[in-house]
Structure formats: C-alpha cells, structure tokens
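Engineer: query.csv is the file, holding CSV, N, CA and C atoms and all ligand atoms:
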chain,number,residue,atom,x,y,z
C,141,MET,N,14.2,-55.7,-82.4
C,141,MET,CA,13.6,-55.4,-81.2
C,141,MET,C,13.2,-53.9,-81.1
C,142,SER,N,12.0,-53.7,-80.6
C,142,SER,CA,11.5,-52.3,-80.5
C,142,SER,C,11.0,-52.0,-79.1
C,143,LYS,N,10.9,-50.7,-78.9
C,143,LYS,CA,10.5,-50.2,-77.6
C,143,LYS,C,8.9,-50.2,-77.6
C,144,VAL,N,8.4,-50.7,-76.5
C,144,VAL,CA,6.9,-50.7,-76.4
C,144,VAL,C,6.5,-50.1,-75.1
C,145,VAL,N,5.5,-49.2,-75.2
C,145,VAL,CA,5.0,-48.6,-73.9
C,145,VAL,C,3.5,-48.8,-73.9
C,146,TYR,N,3.0,-49.5,-72.9
C,146,TYR,CA,1.6,-49.7,-72.7
C,146,TYR,C,1.1,-48.5,-71.9
C,147,CYS,N,0.1,-47.8,-72.5
C,147,CYS,CA,-0.4,-46.6,-71.9
C,147,CYS,C,-0.9,-46.9,-70.5
C,148,ARG,N,-1.5,-48.0,-70.4
C,148,ARG,CA,-2.1,-48.4,-69.1
C,148,ARG,C,-1.1,-48.5,-68.0
C,149,ASP,N,0.1,-48.9,-68.3
C,149,ASP,CA,1.2,-49.0,-67.4
C,149,ASP,C,1.7,-47.7,-66.8
C,150,VAL,N,1.4,-46.6,-67.7
C,150,VAL,CA,1.8,-45.3,-67.3
C,150,VAL,C,0.8,-44.7,-66.3
C,151,GLY,N,-0.4,-45.3,-66.2
C,151,GLY,CA,-1.3,-44.9,-65.2
C,151,GLY,C,-2.7,-44.4,-65.8
C,152,PHE,N,-2.8,-44.6,-67.2
C,152,PHE,CA,-4.0,-44.2,-67.8
C,152,PHE,C,-5.0,-45.4,-68.0
C,153,ASP,N,-6.2,-45.1,-67.9
C,153,ASP,CA,-7.2,-46.1,-68.2
C,153,ASP,C,-7.4,-46.1,-69.8
C,154,CYS,N,-6.5,-46.8,-70.4
C,154,CYS,CA,-6.4,-46.7,-71.9
C,154,CYS,C,-5.7,-47.9,-72.5
C,155,ASP,N,-6.2,-48.3,-73.6
C,155,ASP,CA,-5.6,-49.5,-74.3
C,155,ASP,C,-4.5,-49.1,-75.3
C,156,GLY,N,-4.1,-47.9,-75.3
C,156,GLY,CA,-3.2,-47.4,-76.3
C,156,GLY,C,-1.8,-48.1,-76.1
C,157,ILE,N,-1.2,-48.4,-77.2
C,157,ILE,CA,0.2,-49.0,-77.2
C,157,ILE,C,1.1,-48.1,-78.1
C,158,VAL,N,2.2,-47.7,-77.6
C,158,VAL,CA,3.1,-47.0,-78.4
C,158,VAL,C,4.4,-47.8,-78.7
C,159,ARG,N,4.7,-47.9,-80.0
C,159,ARG,CA,5.8,-48.7,-80.4
C,159,ARG,C,6.8,-47.8,-81.2
C,160,ALA,N,8.1,-48.0,-80.9
C,160,ALA,CA,9.1,-47.2,-81.5
C,160,ALA,C,10.4,-47.9,-81.6
C,161,GLU,N,11.3,-47.4,-82.4
C,161,GLU,CA,12.6,-48.1,-82.6
C,161,GLU,C,13.6,-47.7,-81.4
C,162,THR,N,13.4,-46.5,-81.0
C,162,THR,CA,14.4,-46.1,-79.9
C,162,THR,C,13.6,-45.5,-78.7
C,163,GLU,N,14.3,-45.4,-77.6
C,163,GLU,CA,13.7,-44.8,-76.4
C,163,GLU,C,13.2,-43.4,-76.6
C,164,GLU,N,14.1,-42.7,-77.3
C,164,GLU,CA,13.8,-41.2,-77.6
C,164,GLU,C,12.5,-41.1,-78.4
C,165,GLU,N,12.4,-42.0,-79.5
C,165,GLU,CA,11.2,-41.9,-80.3
C,165,GLU,C,10.0,-42.3,-79.6
C,166,ALA,N,10.1,-43.3,-78.7
C,166,ALA,CA,9.0,-43.8,-77.9
C,166,ALA,C,8.5,-42.7,-77.0
C,167,LEU,N,9.4,-41.9,-76.4
C,167,LEU,CA,9.0,-40.8,-75.5
C,167,LEU,C,8.3,-39.7,-76.3
C,168,LYS,N,8.8,-39.5,-77.5
C,168,LYS,CA,8.1,-38.5,-78.3
C,168,LYS,C,6.7,-38.9,-78.7
C,169,LYS,N,6.6,-40.2,-79.1
C,169,LYS,CA,5.3,-40.7,-79.4
C,169,LYS,C,4.3,-40.7,-78.3
C,170,VAL,N,4.8,-41.1,-77.1
C,170,VAL,CA,4.0,-41.1,-75.9
C,170,VAL,C,3.5,-39.6,-75.6
C,171,ALA,N,4.4,-38.7,-75.8
C,171,ALA,CA,4.0,-37.3,-75.6
C,171,ALA,C,2.9,-36.9,-76.5
C,172,GLU,N,3.0,-37.3,-77.8
C,172,GLU,CA,2.0,-37.0,-78.8
C,172,GLU,C,0.7,-37.7,-78.4
C,173,HIS,N,0.8,-38.9,-78.0
C,173,HIS,CA,-0.4,-39.7,-77.6
C,173,HIS,C,-1.1,-39.0,-76.4
C,174,ALA,N,-0.3,-38.6,-75.4
C,174,ALA,CA,-0.8,-38.0,-74.2
C,174,ALA,C,-1.5,-36.7,-74.5
C,175,LYS,N,-1.0,-36.0,-75.5
C,175,LYS,CA,-1.6,-34.7,-75.9
C,175,LYS,C,-2.9,-34.9,-76.6
C,176,SER,N,-2.9,-35.8,-77.6
C,176,SER,CA,-4.1,-35.9,-78.4
C,176,SER,C,-5.2,-36.7,-77.8
C,177,VAL,N,-4.8,-37.7,-77.0
C,177,VAL,CA,-5.8,-38.6,-76.4
C,177,VAL,C,-6.2,-38.2,-75.0
C,178,HIS,N,-5.2,-37.8,-74.2
C,178,HIS,CA,-5.4,-37.5,-72.8
C,178,HIS,C,-5.4,-36.0,-72.4
C,179,ASN,N,-5.3,-35.2,-73.5
C,179,ASN,CA,-5.3,-33.7,-73.2
C,179,ASN,C,-4.2,-33.2,-72.3
C,180,ILE,N,-3.1,-33.9,-72.3
C,180,ILE,CA,-2.0,-33.5,-71.5
C,180,ILE,C,-1.1,-32.6,-72.3
C,181,GLU,N,-1.1,-31.3,-72.1
C,181,GLU,CA,-0.3,-30.4,-72.9
C,181,GLU,C,1.2,-30.5,-72.7
C,182,GLU,N,1.5,-30.7,-71.4
C,182,GLU,CA,3.0,-30.8,-71.1
C,182,GLU,C,3.3,-32.1,-70.4
C,183,VAL,N,4.2,-32.8,-71.0
C,183,VAL,CA,4.7,-34.0,-70.4
C,183,VAL,C,5.8,-33.7,-69.4
C,184,THR,N,5.5,-33.9,-68.2
C,184,THR,CA,6.4,-33.5,-67.1
C,184,THR,C,7.5,-34.5,-67.0
C,185,GLU,N,8.5,-34.1,-66.2
C,185,GLU,CA,9.7,-35.0,-65.9
C,185,GLU,C,9.2,-36.3,-65.2
C,186,GLU,N,8.2,-36.1,-64.4
C,186,GLU,CA,7.6,-37.2,-63.6
C,186,GLU,C,7.0,-38.3,-64.6
C,187,ILE,N,6.3,-37.8,-65.6
C,187,ILE,CA,5.7,-38.7,-66.6
C,187,ILE,C,6.8,-39.4,-67.4
C,188,VAL,N,7.8,-38.6,-67.8
C,188,VAL,CA,8.9,-39.2,-68.6
C,188,VAL,C,9.6,-40.3,-67.8
C,189,GLU,N,9.8,-40.1,-66.5
C,189,GLU,CA,10.4,-41.1,-65.7
C,189,GLU,C,9.6,-42.3,-65.6
C,190,LYS,N,8.3,-42.2,-65.5
C,190,LYS,CA,7.4,-43.3,-65.4
C,190,LYS,C,7.3,-44.1,-66.7
C,191,VAL,N,7.3,-43.3,-67.8
C,191,VAL,CA,7.3,-44.0,-69.1
C,191,VAL,C,8.6,-44.8,-69.3
C,192,ARG,N,9.8,-44.3,-68.9
C,192,ARG,CA,11.0,-45.0,-69.0
C,192,ARG,C,11.0,-46.3,-68.2
C,193,LYS,N,10.3,-46.2,-67.0
C,193,LYS,CA,10.3,-47.3,-66.1
C,193,LYS,C,9.4,-48.5,-66.7
C,194,VAL,N,8.3,-48.1,-67.4
C,194,VAL,CA,7.4,-49.1,-67.8
C,194,VAL,C,7.7,-49.6,-69.3
C,195,MET,N,8.7,-48.9,-69.9
C,195,MET,CA,9.0,-49.2,-71.3
C,195,MET,C,9.6,-50.7,-71.4
C,196,ARG,N,9.1,-51.4,-72.4
C,196,ARG,CA,9.6,-52.8,-72.6
C,196,ARG,C,10.2,-53.0,-73.9
C,197,ASP,N,11.1,-54.0,-74.0
C,197,ASP,CA,11.6,-54.4,-75.3
C,197,ASP,C,10.8,-55.5,-75.9
C,198,GLU,N,10.4,-55.4,-77.1
C,198,GLU,CA,9.6,-56.4,-77.7
C,198,GLU,C,10.1,-56.7,-79.1
K,1,ZN,ZN,-3.5,-43.6,-73.7
Can you present the structure in this file as structure tokens?
Structural biologist:
Amino acid sequence: MSKVVYCRDVGFDCDGIVRAETEEEALKKVAEHAKSVHNIEEVTEEIVEKVRKVMRDE
C-alpha cells in the first residue's frame, strides 16, 4: 500500500498525482511538485495540513 495525493484535492486545477511509500516521502514529493509545477517556493504549514488531510492509501 502506498500514499497517494491527488493534486486537485489540495486545491490546484491540476491532474498531478503524487505516489510515495511513506507520508514523509509524499509530503516531500508534493513540495517538489508544488515548486516545479505551481511555482510555490515555500510549502506552508497550511498546505502541509491540507495534503495530510487529502492523502489516501492505495
Ligand atoms: Zn499539481
């Protein structure tokens, strides 16, 4: 089972999907995605909380 985050669920108009083995890794990958795709330099605590909330096990 892995952690999956749908970028759309975080609030972006985006079909990006982040998959990772652990929650920590997923958060890291989401941060990278947000930076490279959405030009978000700093992932705030608010975004992290949101990502945790929408994270699913698949
Ligand atoms: Zn995205």
Engineer: What does the distance from CA of Glu181 in chain C to CA of Glu161 in chain C come to in Å, to one decimal?
Structural biologist: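 Taking CA of Glu181 in chain C as the start and CA of Glu161 in chain C as the end point, the length is 24.0 Å.
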Engineer: Run DSSP on the backbone and tell me which residues of chain C come out as strand (DSSP E or B); list them as a ChimeraX atom specification.
Structural biologist: /C:143-146,157-160,196-197
Engineer: Give the answer as one residue: which of C:Asp155, C:Glu185, C:Glu172, C:Asp149 has the shortest atom-to-atom distance to ligand ZN 1 (chain K), using only C-alpha atoms and all ligand atoms?
Structural biologist: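 Nearest to ligand ZN 1 (chain K): C:Asp155.
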Engineer: Collect all residues with atoms no farther than 7 Å from ligand ZN 1 (chain K), counting only C-alpha atoms and all ligand atoms, and output them as a ChimeraX atom specification.
Structural biologist: /C:147-148,152,154-156,173-174,177-178
Engineer: Taking only chain C into account, list the residues labelled helix (DSSP H, G or I) by DSSP (computed from the backbone), as a PyMOL selection string.
Structural biologist: chain C and resi 147-150+163-178+185-194
Engineer: Can you pull out the residues contacting Arg196 in chain C? Cut-off 12 Å, using only C-alpha atoms, and skip same-chain residues under 2 positions away; I want them as a VMD selection string.
Structural biologist: chain C and resid 141 to 147 149 157 to 163 166 191 to 194 198
